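coords.csv follows; it contains CSV, C-alpha atoms.
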chain,number,residue,atom,x,y,z
A,1,MET,CA,23.4,27.2,-47.9
A,2,PHE,CA,24.1,27.1,-51.6
A,3,LYS,CA,21.9,27.8,-54.7
A,4,GLY,CA,20.7,25.8,-57.6
A,5,LEU,CA,22.3,22.4,-58.5
A,6,PRO,CA,25.0,22.5,-55.9
A,7,GLN,CA,22.3,22.9,-53.2
A,8,THR,CA,20.2,20.1,-54.6
A,9,VAL,CA,23.2,17.8,-54.8
A,10,TYR,CA,24.3,18.8,-51.3
A,11,GLU,CA,20.8,18.0,-49.9
A,12,LEU,CA,20.4,14.7,-51.6
A,13,SER,CA,23.9,13.4,-51.2
A,14,GLY,CA,24.8,14.9,-47.9
A,15,LYS,CA,28.2,15.8,-49.4
A,16,ASN,CA,29.5,19.3,-50.2
A,17,PRO,CA,30.5,19.6,-53.9
A,18,TYR,CA,32.6,22.7,-53.1
A,19,LEU,CA,35.0,20.6,-51.1
A,20,CYS,CA,36.3,19.2,-54.4
A,21,ILE,CA,39.7,20.7,-55.3
A,22,GLN,CA,39.8,19.1,-58.8
A,23,CYS,CA,42.8,16.9,-57.9
A,24,GLY,CA,41.6,14.3,-60.4
A,25,VAL,CA,42.1,11.2,-58.3
A,26,CYS,CA,38.6,10.0,-59.1
A,27,SER,CA,39.1,10.2,-62.8
A,28,GLY,CA,42.5,8.6,-62.5
A,29,SER,CA,41.0,5.7,-60.6
A,30,CYS,CA,37.8,5.2,-62.6
A,31,PRO,CA,37.7,1.8,-64.4
A,32,MET,CA,34.9,3.0,-66.7
A,33,ILE,CA,36.5,6.3,-67.8
A,34,LYS,CA,37.3,5.2,-71.4
A,35,ASP,CA,33.5,5.0,-72.1
A,36,MET,CA,32.6,8.3,-70.4
A,37,ASP,CA,32.1,11.6,-72.2
A,38,ILE,CA,33.0,13.7,-69.2
A,39,PRO,CA,35.5,12.5,-66.6
A,40,PRO,CA,34.2,12.3,-63.0
A,41,HIS,CA,36.2,15.3,-61.7
A,42,GLN,CA,34.7,17.5,-64.4
A,43,VAL,CA,31.2,16.3,-63.5
A,44,ILE,CA,31.8,17.6,-60.0
A,45,ARG,CA,33.2,20.8,-61.4
A,46,MET,CA,30.0,21.2,-63.5
A,47,ILE,CA,27.9,20.7,-60.3
A,48,GLN,CA,30.0,23.5,-58.6
A,49,LEU,CA,29.3,25.8,-61.5
A,50,ASP,CA,25.6,25.0,-61.5
A,51,MET,CA,25.7,23.7,-65.1
A,52,GLN,CA,22.4,21.9,-65.7
A,53,GLU,CA,23.8,20.3,-68.8
A,54,VAL,CA,25.7,17.9,-66.6
A,55,LEU,CA,22.4,16.0,-66.4
A,56,ASN,CA,22.6,15.2,-70.1
A,57,CYS,CA,26.0,13.5,-70.0
A,58,LYS,CA,26.7,9.9,-70.7
A,59,THR,CA,29.0,9.5,-67.7
A,60,ILE,CA,26.3,9.3,-65.1
A,61,TRP,CA,24.9,6.2,-66.9
A,62,ILE,CA,28.2,4.5,-67.4
A,63,CYS,CA,29.3,4.8,-63.8
A,64,ALA,CA,28.9,1.4,-62.2
A,65,SER,CA,28.9,2.6,-58.6
A,66,CYS,CA,32.0,0.6,-57.9
A,67,ASN,CA,33.0,3.3,-55.3
A,68,THR,CA,36.7,3.3,-56.2
A,69,CYS,CA,36.7,7.1,-56.5
A,70,SER,CA,34.8,7.5,-53.2
A,71,VAL,CA,37.3,5.5,-51.1
A,72,ARG,CA,40.2,7.4,-52.7
A,73,CYS,CA,38.8,10.9,-52.6
A,74,PRO,CA,41.1,13.0,-50.3
A,75,ARG,CA,38.3,15.5,-49.7
A,76,ASP,CA,35.5,13.0,-49.0
A,77,VAL,CA,33.4,14.4,-51.8
A,78,ASP,CA,32.2,10.9,-52.7
A,79,PRO,CA,31.8,11.3,-56.5
A,80,ALA,CA,30.0,7.9,-56.9
A,81,ARG,CA,27.3,9.1,-54.5
A,82,MET,CA,27.0,12.4,-56.4
A,83,ILE,CA,26.7,10.7,-59.7
A,84,ASN,CA,24.0,8.5,-58.2
A,85,VAL,CA,22.1,11.7,-57.2
A,86,LEU,CA,22.4,13.1,-60.7
A,87,ARG,CA,20.8,9.9,-62.1
A,88,ILE,CA,18.0,10.3,-59.7
A,89,LEU,CA,17.5,13.9,-60.7
A,90,VAL,CA,17.2,12.9,-64.3
A,91,GLN,CA,14.7,10.1,-63.5
A,92,ARG,CA,12.6,12.5,-61.5
A,93,ARG,CA,12.0,14.4,-64.7
A,94,ASN,CA,10.7,11.2,-66.1
A,95,ILE,CA,13.6,10.8,-68.5
A,96,TYR,CA,15.1,7.3,-68.9
A,97,PRO,CA,18.2,6.8,-71.1
A,98,VAL,CA,17.7,3.1,-72.0
A,99,ASP,CA,14.5,1.3,-72.9
A,100,LEU,CA,15.0,-2.1,-71.3
A,101,ARG,CA,12.2,-3.5,-73.5
A,102,ARG,CA,14.4,-3.1,-76.5
A,103,VAL,CA,17.5,-4.9,-75.0
A,104,LYS,CA,18.1,-8.2,-76.6
A,105,GLY,CA,19.2,-11.4,-74.9
A,106,LEU,CA,17.8,-10.5,-71.5
A,107,LEU,CA,16.8,-14.1,-70.7
A,108,ASP,CA,20.5,-15.3,-71.0
A,109,LEU,CA,21.6,-12.9,-68.2
A,110,PRO,CA,21.8,-13.8,-64.5
A,111,GLN,CA,19.1,-12.4,-62.3
A,112,ILE,CA,21.5,-10.2,-60.4
A,113,ALA,CA,22.4,-8.3,-63.6
A,114,LEU,CA,18.8,-7.8,-64.6
A,115,ILE,CA,17.6,-6.5,-61.3
A,116,SER,CA,20.6,-4.3,-60.6
A,117,ALA,CA,20.4,-2.7,-64.1
A,118,SER,CA,16.7,-2.1,-63.9
A,119,ARG,CA,17.1,-0.6,-60.5
A,120,LYS,CA,19.8,1.7,-61.8
A,121,LEU,CA,17.9,2.7,-64.9
A,122,THR,CA,14.5,3.1,-63.5
A,123,GLY,CA,15.3,4.4,-60.0
B,1,MET,CA,20.2,-17.3,-40.5
B,2,TYR,CA,20.7,-17.4,-44.2
B,3,TYR,CA,19.5,-15.0,-46.8
B,4,PRO,CA,20.1,-16.5,-50.3
B,5,GLY,CA,18.9,-13.9,-52.8
B,6,CYS,CA,17.8,-14.4,-56.4
B,7,SER,CA,21.0,-15.4,-58.2
B,8,VAL,CA,22.2,-17.9,-55.7
B,9,LYS,CA,19.0,-19.9,-56.2
B,10,ASP,CA,19.3,-20.1,-59.9
B,11,TYR,CA,22.3,-18.8,-61.8
B,12,ALA,CA,24.7,-19.3,-59.0
B,13,LYS,CA,23.3,-22.6,-57.5
B,14,SER,CA,26.8,-24.1,-57.4
B,15,TYR,CA,27.8,-21.3,-55.1
B,16,GLU,CA,25.1,-22.1,-52.6
B,17,ASP,CA,25.6,-25.9,-52.8
B,18,SER,CA,29.3,-25.7,-52.2
B,19,ALA,CA,29.0,-23.1,-49.5
B,20,ILE,CA,26.4,-25.1,-47.5
B,21,ALA,CA,28.5,-28.3,-47.9
B,22,VAL,CA,31.7,-26.6,-46.7
B,23,LEU,CA,30.1,-25.0,-43.7
B,24,LYS,CA,28.4,-28.3,-42.8
B,25,LEU,CA,31.8,-29.9,-42.6
B,26,PHE,CA,32.6,-27.4,-39.8
B,27,ASP,CA,29.2,-28.0,-38.1
B,28,VAL,CA,27.9,-24.6,-39.2
B,29,GLU,CA,24.4,-24.7,-40.5
B,30,LEU,CA,22.9,-22.1,-42.7
B,31,VAL,CA,19.2,-21.9,-41.8
B,32,GLU,CA,17.3,-20.3,-44.7
B,33,LEU,CA,14.7,-17.6,-43.8
B,34,ASP,CA,11.3,-19.1,-44.3
B,35,ARG,CA,10.2,-16.1,-46.3
B,36,TRP,CA,12.4,-13.6,-48.1
B,37,ASN,CA,12.2,-11.2,-51.0
B,38,CYS,CA,14.6,-9.3,-53.3
B,39,CYS,CA,17.1,-7.2,-51.5
B,40,GLY,CA,16.9,-4.4,-54.1
B,41,VAL,CA,20.5,-5.2,-55.2
B,42,VAL,CA,21.6,-1.5,-55.6
B,43,TYR,CA,21.6,0.7,-52.6
B,44,GLU,CA,20.1,4.1,-53.2
B,45,TYR,CA,22.2,7.0,-51.9
B,46,SER,CA,19.9,10.0,-52.2
B,47,ALA,CA,19.0,11.2,-48.7
B,48,ASP,CA,15.3,11.4,-49.4
B,49,ALA,CA,15.0,7.8,-50.7
B,50,VAL,CA,12.4,5.8,-48.9
B,51,MET,CA,10.8,3.5,-51.5
B,52,GLN,CA,14.2,2.0,-52.4
B,53,HIS,CA,14.7,0.9,-48.8
B,54,VAL,CA,11.4,-1.0,-48.4
B,55,ALA,CA,12.5,-4.3,-49.9
B,56,PRO,CA,15.7,-4.7,-47.9
B,57,LEU,CA,14.0,-3.5,-44.7
B,58,ARG,CA,11.3,-6.1,-45.3
B,59,ASP,CA,14.0,-8.8,-45.4
B,60,LEU,CA,15.5,-7.5,-42.2
B,61,ILE,CA,12.0,-7.7,-40.6
B,62,ARG,CA,11.7,-11.3,-41.8
B,63,ALA,CA,15.1,-12.0,-40.2
B,64,GLN,CA,14.0,-10.3,-37.0
B,65,GLU,CA,10.9,-12.6,-36.8
B,66,PHE,CA,13.1,-15.6,-37.6
B,67,MET,CA,15.8,-14.6,-35.1
B,68,SER,CA,13.8,-15.6,-32.1
B,69,LYS,CA,12.9,-19.0,-33.6
B,70,ILE,CA,16.5,-20.1,-34.0
B,71,GLY,CA,18.2,-17.8,-31.4
B,72,ASP,CA,20.8,-16.2,-33.5
B,73,ASN,CA,20.9,-12.7,-34.8
B,74,ARG,CA,23.4,-13.1,-37.6
B,75,LEU,CA,22.0,-12.9,-41.1
B,76,VAL,CA,24.5,-14.5,-43.6
B,77,THR,CA,24.5,-13.8,-47.3
B,78,LEU,CA,26.6,-15.4,-50.1
B,79,CYS,CA,26.1,-12.8,-52.7
B,80,SER,CA,28.2,-9.7,-52.1
B,81,MET,CA,25.7,-7.3,-53.5
B,82,CYS,CA,23.0,-8.6,-51.2
B,83,TYR,CA,25.4,-8.3,-48.3
B,84,SER,CA,26.3,-4.7,-49.2
B,85,THR,CA,22.7,-3.6,-49.7
B,86,LEU,CA,21.3,-5.2,-46.6
B,87,LYS,CA,24.2,-4.0,-44.5
B,88,LYS,CA,23.8,-0.4,-45.7
B,89,VAL,CA,20.1,-0.3,-45.1
B,90,ASN,CA,20.5,-1.9,-41.7
B,91,GLU,CA,23.0,0.8,-40.9
B,92,ILE,CA,20.8,3.7,-42.1
B,93,VAL,CA,17.7,2.6,-40.3
B,94,THR,CA,19.7,2.0,-37.1
B,95,SER,CA,21.3,5.5,-37.2
B,96,ASP,CA,18.4,7.5,-38.6
B,97,SER,CA,15.3,7.1,-36.5
B,98,GLU,CA,13.3,9.5,-38.6
B,99,LYS,CA,13.9,7.3,-41.7
B,100,LEU,CA,12.9,4.2,-39.7
B,101,ASN,CA,9.7,6.0,-38.6
B,102,ASN,CA,8.8,7.0,-42.1
B,103,LEU,CA,9.4,3.5,-43.4
B,104,SER,CA,7.5,1.8,-40.5
B,105,GLU,CA,4.5,4.1,-41.2
B,106,TYR,CA,4.6,3.2,-44.8
B,107,MET,CA,5.0,-0.5,-44.1
B,108,ASP,CA,2.2,-0.6,-41.5
B,109,ASP,CA,1.4,-4.2,-42.4
B,110,GLU,CA,4.8,-5.3,-40.9
B,111,PRO,CA,6.0,-5.3,-37.3
B,112,ARG,CA,8.5,-2.5,-36.5
B,113,TYR,CA,12.1,-3.2,-37.0
B,114,ASN,CA,14.1,-3.2,-33.8
B,115,CYS,CA,17.6,-3.0,-35.3
B,116,GLY,CA,18.8,-6.2,-33.8
B,117,VAL,CA,20.0,-8.1,-36.9
B,118,ASP,CA,23.7,-8.4,-37.7
B,119,VAL,CA,24.3,-8.7,-41.4
B,120,LYS,CA,27.4,-10.9,-42.3
B,121,HIS,CA,29.0,-12.1,-45.4
B,122,VAL,CA,29.8,-15.8,-45.5
B,123,LEU,CA,33.6,-15.0,-45.8
B,124,GLU,CA,33.4,-13.3,-42.4
B,125,ILE,CA,31.9,-16.5,-40.9
B,126,ILE,CA,34.6,-18.6,-42.6
B,127,LEU,CA,37.5,-16.5,-41.4
B,128,ASP,CA,36.2,-16.0,-37.9
B,129,ASP,CA,38.5,-18.1,-35.6
B,130,SER,CA,35.7,-18.8,-33.2
B,131,ILE,CA,33.6,-20.4,-35.9
B,132,MET,CA,35.9,-21.8,-38.6
B,133,GLY,CA,39.2,-19.9,-39.0
B,134,LEU,CA,42.1,-20.5,-41.3
B,135,LYS,CA,43.8,-23.0,-39.0
B,136,ARG,CA,40.8,-25.4,-39.0
B,137,ILE,CA,40.4,-24.9,-42.8
B,138,LYS,CA,44.1,-25.9,-43.2
B,139,GLU,CA,43.5,-29.1,-41.3
B,140,ALA,CA,40.4,-30.0,-43.4
B,141,VAL,CA,42.2,-29.9,-46.7
B,142,LYS,CA,42.4,-33.3,-48.3
B,143,ARG,CA,43.8,-32.6,-51.7
B,144,ASP,CA,47.2,-31.3,-52.8
B,145,LEU,CA,46.6,-28.1,-54.7
B,146,SER,CA,50.2,-26.9,-54.5
B,147,ASN,CA,50.5,-26.7,-58.3
B,148,LEU,CA,47.5,-24.5,-58.7
B,149,ARG,CA,48.0,-20.8,-59.0
B,150,ILE,CA,44.9,-18.9,-58.1
B,151,ALA,CA,44.2,-15.2,-58.4
B,152,SER,CA,41.6,-13.6,-56.1
B,153,PHE,CA,39.0,-11.2,-57.4
B,154,TYR,CA,37.2,-9.3,-54.7
B,155,SER,CA,34.2,-7.6,-56.2
B,156,CYS,CA,33.4,-3.9,-55.4
B,157,SER,CA,30.6,-4.5,-52.9
B,158,LEU,CA,32.8,-6.7,-50.7
B,159,LEU,CA,35.4,-4.0,-50.3
B,160,ARG,CA,33.7,-0.7,-50.7
B,161,PRO,CA,32.6,1.7,-49.4
B,162,LYS,CA,34.7,1.9,-46.2
B,163,GLY,CA,32.9,0.7,-43.2
B,164,ILE,CA,30.7,-1.7,-45.2
B,165,GLY,CA,33.5,-3.6,-46.9
B,166,ILE,CA,35.0,-6.4,-44.9
B,167,ASP,CA,38.7,-5.8,-45.9
B,168,ASP,CA,41.1,-3.0,-46.6
B,169,PRO,CA,39.6,-1.4,-49.8
B,170,GLU,CA,43.1,-0.6,-51.2
B,171,ASP,CA,45.1,-3.6,-50.1
B,172,PRO,CA,42.8,-6.6,-49.5
B,173,HIS,CA,44.3,-9.9,-48.4
B,174,ILE,CA,41.5,-12.2,-47.0
B,175,MET,CA,41.1,-14.2,-50.1
B,176,LEU,CA,44.9,-14.6,-50.5
B,177,ASP,CA,45.1,-15.9,-47.0
B,178,LEU,CA,42.3,-18.3,-47.8
B,179,ILE,CA,44.0,-19.6,-50.9
B,180,SER,CA,47.3,-20.2,-49.1
B,181,SER,CA,45.6,-22.0,-46.3
B,182,LEU,CA,44.0,-24.3,-48.9
B,183,GLY,CA,47.5,-25.2,-50.0
B,184,ALA,CA,47.3,-23.4,-53.4
B,185,LYS,CA,49.6,-20.6,-54.6
B,186,PRO,CA,47.9,-17.2,-54.2
B,187,ILE,CA,48.5,-14.7,-57.0
B,188,LYS,CA,48.2,-11.1,-56.1
B,189,PHE,CA,47.5,-9.1,-59.3
B,190,PRO,CA,46.8,-5.4,-59.7
B,191,TYR,CA,43.3,-5.8,-61.0
B,192,GLU,CA,42.0,-7.8,-58.1
B,193,LYS,CA,39.9,-5.0,-56.7
B,194,ARG,CA,38.8,-3.5,-60.0
B,195,CYS,CA,35.2,-3.2,-61.1
B,196,CYS,CA,34.1,-5.8,-63.7
B,197,GLY,CA,31.7,-3.4,-65.4
B,198,SER,CA,28.8,-4.8,-63.3
B,199,TYR,CA,25.3,-4.2,-64.7
B,200,ASN,CA,26.5,-2.4,-67.7
B,201,VAL,CA,26.5,-5.9,-69.2
B,202,VAL,CA,22.7,-5.6,-69.7
B,203,TYR,CA,22.6,-2.5,-71.9
B,204,ASP,CA,26.2,-2.1,-73.2
B,205,ARG,CA,28.0,-5.4,-73.3
B,206,SER,CA,31.1,-3.9,-75.1
B,207,ILE,CA,32.0,-1.9,-71.9
B,208,VAL,CA,32.1,-5.1,-69.9
B,209,GLU,CA,33.8,-7.1,-72.5
B,210,ARG,CA,36.6,-4.6,-72.6
B,211,THR,CA,37.0,-4.4,-68.8
B,212,VAL,CA,37.0,-8.1,-68.2
B,213,MET,CA,39.4,-8.6,-71.0
B,214,GLU,CA,41.9,-6.3,-69.2
B,215,ILE,CA,41.3,-8.1,-65.9
B,216,VAL,CA,41.6,-11.7,-67.1
B,217,LYS,CA,44.5,-10.9,-69.4
B,218,ALA,CA,46.4,-9.3,-66.4
B,219,ALA,CA,45.6,-12.4,-64.3
B,220,GLY,CA,47.2,-14.5,-67.1
B,221,ARG,CA,50.2,-12.3,-67.2
B,222,TRP,CA,50.7,-12.7,-63.4
B,223,GLY,CA,50.6,-16.5,-64.0
B,224,ALA,CA,47.1,-17.4,-62.7
B,225,ASP,CA,45.4,-20.7,-63.6
B,226,MET,CA,42.1,-19.6,-62.4
B,227,ILE,CA,40.3,-16.8,-60.6
B,228,ILE,CA,38.1,-17.1,-57.5
B,229,THR,CA,35.4,-14.6,-56.7
B,230,VAL,CA,32.5,-14.0,-54.3
B,231,CYS,CA,30.0,-12.2,-56.5
B,232,PRO,CA,27.7,-13.9,-59.0
B,233,LEU,CA,27.8,-10.9,-61.3
B,234,CYS,CA,31.6,-10.8,-61.4
B,235,HIS,CA,31.5,-14.6,-62.0
B,236,TYR,CA,29.2,-14.1,-65.0
B,237,ASN,CA,31.2,-11.1,-66.4
B,238,LEU,CA,34.6,-12.6,-66.0
B,239,ASN,CA,33.5,-15.9,-67.6
B,240,ILE,CA,32.6,-14.1,-70.8
B,241,VAL,CA,36.3,-14.2,-71.8
B,242,ARG,CA,37.2,-17.5,-70.0
B,243,ASN,CA,37.9,-19.4,-73.2
B,244,LYS,CA,40.0,-16.7,-74.8
B,245,PHE,CA,42.6,-16.9,-72.1
B,246,ASN,CA,41.8,-20.3,-70.7
B,247,ILE,CA,41.4,-18.8,-67.2
B,248,PRO,CA,38.0,-19.8,-65.7
B,249,THR,CA,36.4,-17.9,-62.8
B,250,ILE,CA,34.8,-20.0,-60.0
B,251,TYR,CA,33.3,-19.2,-56.6
B,252,PHE,CA,35.7,-19.4,-53.7
B,253,THR,CA,33.5,-22.0,-52.0
B,254,GLU,CA,33.8,-24.3,-55.0
B,255,LEU,CA,37.6,-24.2,-54.5
B,256,MET,CA,37.1,-24.9,-50.8
B,257,ALA,CA,34.8,-27.8,-51.5
B,258,TYR,CA,37.3,-29.3,-54.0
B,259,ALA,CA,40.2,-28.9,-51.6
B,260,MET,CA,38.2,-30.7,-48.9
B,261,GLY,CA,37.1,-33.5,-51.2
B,262,LEU,CA,33.4,-32.6,-51.3
B,263,ASP,CA,33.2,-33.6,-55.0
B,264,GLU,CA,29.5,-34.6,-54.8
B,265,THR,CA,28.5,-31.0,-54.3
B,266,LEU,CA,30.4,-29.7,-57.3
B,267,SER,CA,29.0,-29.6,-60.8
B,268,LYS,CA,30.6,-31.7,-63.6
B,269,GLU,CA,31.7,-28.5,-65.2
B,270,THR,CA,33.6,-27.3,-62.2
B,271,LEU,CA,35.2,-30.7,-61.6
B,272,SER,CA,36.3,-30.8,-65.2
B,273,ILE,CA,37.9,-27.3,-64.7
B,274,PHE,CA,39.9,-28.6,-61.8
B,275,LYS,CA,40.9,-31.8,-63.7
B,276,SER,CA,42.1,-29.8,-66.7
B,277,LYS,CA,44.1,-27.5,-64.5
B,278,ILE,CA,45.7,-30.1,-62.1
B,279,GLY,CA,45.6,-33.2,-64.3
B,280,GLY,CA,43.9,-36.3,-63.1
B,281,GLY,CA,42.4,-34.7,-59.9

Turn this file's structure into structure tokens for me.
Amino acid sequence: MFKGLPQTVYELSGKNPYLCIQCGVCSGSCPMIKDMDIPPHQVIRMIQLDMQEVLNCKTIWICASCNTCSVRCPRDVDPARMINVLRILVQRRNIYPVDLRRVKGLLDLPQIALISASRKLTG
Amino acid sequence: MYYPGCSVKDYAKSYEDSAIAVLKLFDVELVELDRWNCCGVVYEYSADAVMQHVAPLRDLIRAQEFMSKIGDNRLVTLCSMCYSTLKKVNEIVTSDSEKLNNLSEYMDDEPRYNCGVDVKHVLEIILDDSIMGLKRIKEAVKRDLSNLRIASFYSCSLLRPKGIGIDDPEDPHIMLDLISSLGAKPIKFPYEKRCCGSYNVVYDRSIVERTVMEIVKAAGRWGADMIITVCPLCHYNLNIVRNKFNIPTIYFTELMAYAMGLDETLSKETLSIFKSKIGGG
């Protein structure tokens, strides 16, 4: 149906990135936006424009998959799901942003934090 | 049937103890699965994911085997992340037979999953009028908590996404209803459905510190004495700044147990929180 990154994201997420009208509700709702380098609505725009460099951004690793954007998205684009797909695409190239072996104080954290973080970071 | 999950057996033991004690008071017994494994915690959204669904599906198969033994198909979890993951995987294997076939072929050492398990969060059981319900909870309250102002904090995985969450994702009220029926003053504050920063705590603590600071500070501004939550990870994150604002975060079942006078199931720490907030207890 599409070509390049939009097609890959469409196949993996089941959601059409071209439905996004750049209204910015996702970025306005995002609790993590202060720590992101690219706001979520721009991430979707970069997918639409087939910009591969979106895979290098910090945003996709800051997103905590809280799904606030997804329940509010008026076009049902589901940004949280698309960002999840972008993470997977990076991991399938065998690139991992954080080396968990170097994180200090792991033993003081609850199990739920350790397992969810390692699931997110290692796929 | 009861699926505990990792944190509830260690970090959040007080959650399990208080939940079991409260449910027992209403003749509801949580029967723990005789074998269970990690649920995977984070649901994988990509359409071609198979590996990531193996662990939760194995739990559902365990529940299926256990179901016939105790004659009940409800699988109850305490942890909201386990609830969310198990429910989503249950949904996807029920609706997508191709995925279930792939998984079954891969997991050929297990019996096939027949999609008969009903995943429930413990709050659904507590609020269900045919099982417990707010009216019966009101009758079971033994302590006067009318001076206690309590804010509710929902946790993402209990509310979102739509269809999985057990309350309105934009205007949740179930915990407020619960607080009022326990006789305490519910505080609705704008950050109640916000994300606490979740697993970012592992590799970038500063993000979580900033987020929980905003949340707990807002709870203080709205006049809350304490916050109740359903998620062990929210509990951990919010308690990072408990001393700064003197607003501790506890599990909602601990509040219920205290209101119903089940002191023996509560830890000394929790009891001292209540004592310092109410005075004398």

Residues of chain B within 10 Å of chain A, only C-alpha atoms counted, as a PyMOL selection string: chain B and resi 5-12+38-49+51-52+79+81-82+155-157+159-162+169-170+193-204+206-208+210-211+231-234+236-237

Non-local contacts of Glu53 (chain A) (10 Å; only C-alpha atoms; under 6 positions in same chain excluded) as a list in words: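 So the residues in contact are Val43, Met46 and Ile47 of chain A.
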
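Residues within 12 Å of Lys24 (chain B), counting only C-alpha atoms and excluding same-chain residues fewer than 5 positions away, are Asp17, Ser18, Ala19, Glu29, Leu30, Val31, Ile126, Ile131, Met132, Ala257, Met260, Leu262 and Thr265 of chain B.
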
Nearest-residue call for Lys88 (chain B), choices B:Asp118, B:Glu269, B:Glu209, B:Asp171, using only C-alpha atoms: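 Counting only C-alpha atoms, the residue closest to Lys88 (chain B) is B:Asp118.
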
Counting all atoms listed in the file, the residue of B:Gly71, B:Val119, B:Met226, B:Ile240 that sits nearest Ser276 (chain B):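 For Ser276 (chain B), the nearest of the candidates is B:Met226.
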
Spatial sel., origin (30.4, -15.0, -40.3), limit 12 Å, all atoms listed in the file, listed as a ChimeraX atom specification: /B:1-2,23,28-30,72-78,83,118-133,166

Residue list as a PyMOL selection string for point (21.9, -3.4, -42.2), cut-off 9 Å, only C-alpha atoms: chain B and resi 56-57+60+83-94+115+117-119

Length of the CA of Leu49 (chain A) to CA of Leu5 (chain A) vector [Å]: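 Computing it gives 8.3 Å between the two atoms.
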
Distance of CA of Gly163 (chain B) from CA of Pro6 (chain A), expressed in Å to one decimal place: 26.4 Å

Pairwise distance for CA of Thr270 (chain B) and CA of Ala21 (chain B), rounded to one decimal in Å: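 For CA of Thr270 (chain B) relative to CA of Ala21 (chain B), the distance reads 15.2 Å.
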
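Comparing the minimum interatomic distances between Ile179 (chain B) and each of B:Phe245, B:Phe252, B:Tyr3, B:Trp36, counting all atoms listed in the file, we find that B:Phe252 sits nearest.
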
Residue among B:Asp108, B:Asp168, B:Glu65, B:Glu192 lying closest to Lys217 (chain B), counting all atoms listed in the file: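 Looking only at the distances to Lys217 (chain B), the closest residue turns out to be B:Glu192.
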
Proximity to Gly279 (chain B) - best of B:Leu148, B:Ile250, B:Ala219, B:Val212, only C-alpha atoms: B:Leu148

Given all atoms listed in the file as the counted atoms, nearest of B:Ser97, B:Ser152, B:Ser14, B:Asn147 to Trp222 (chain B): B:Ser152
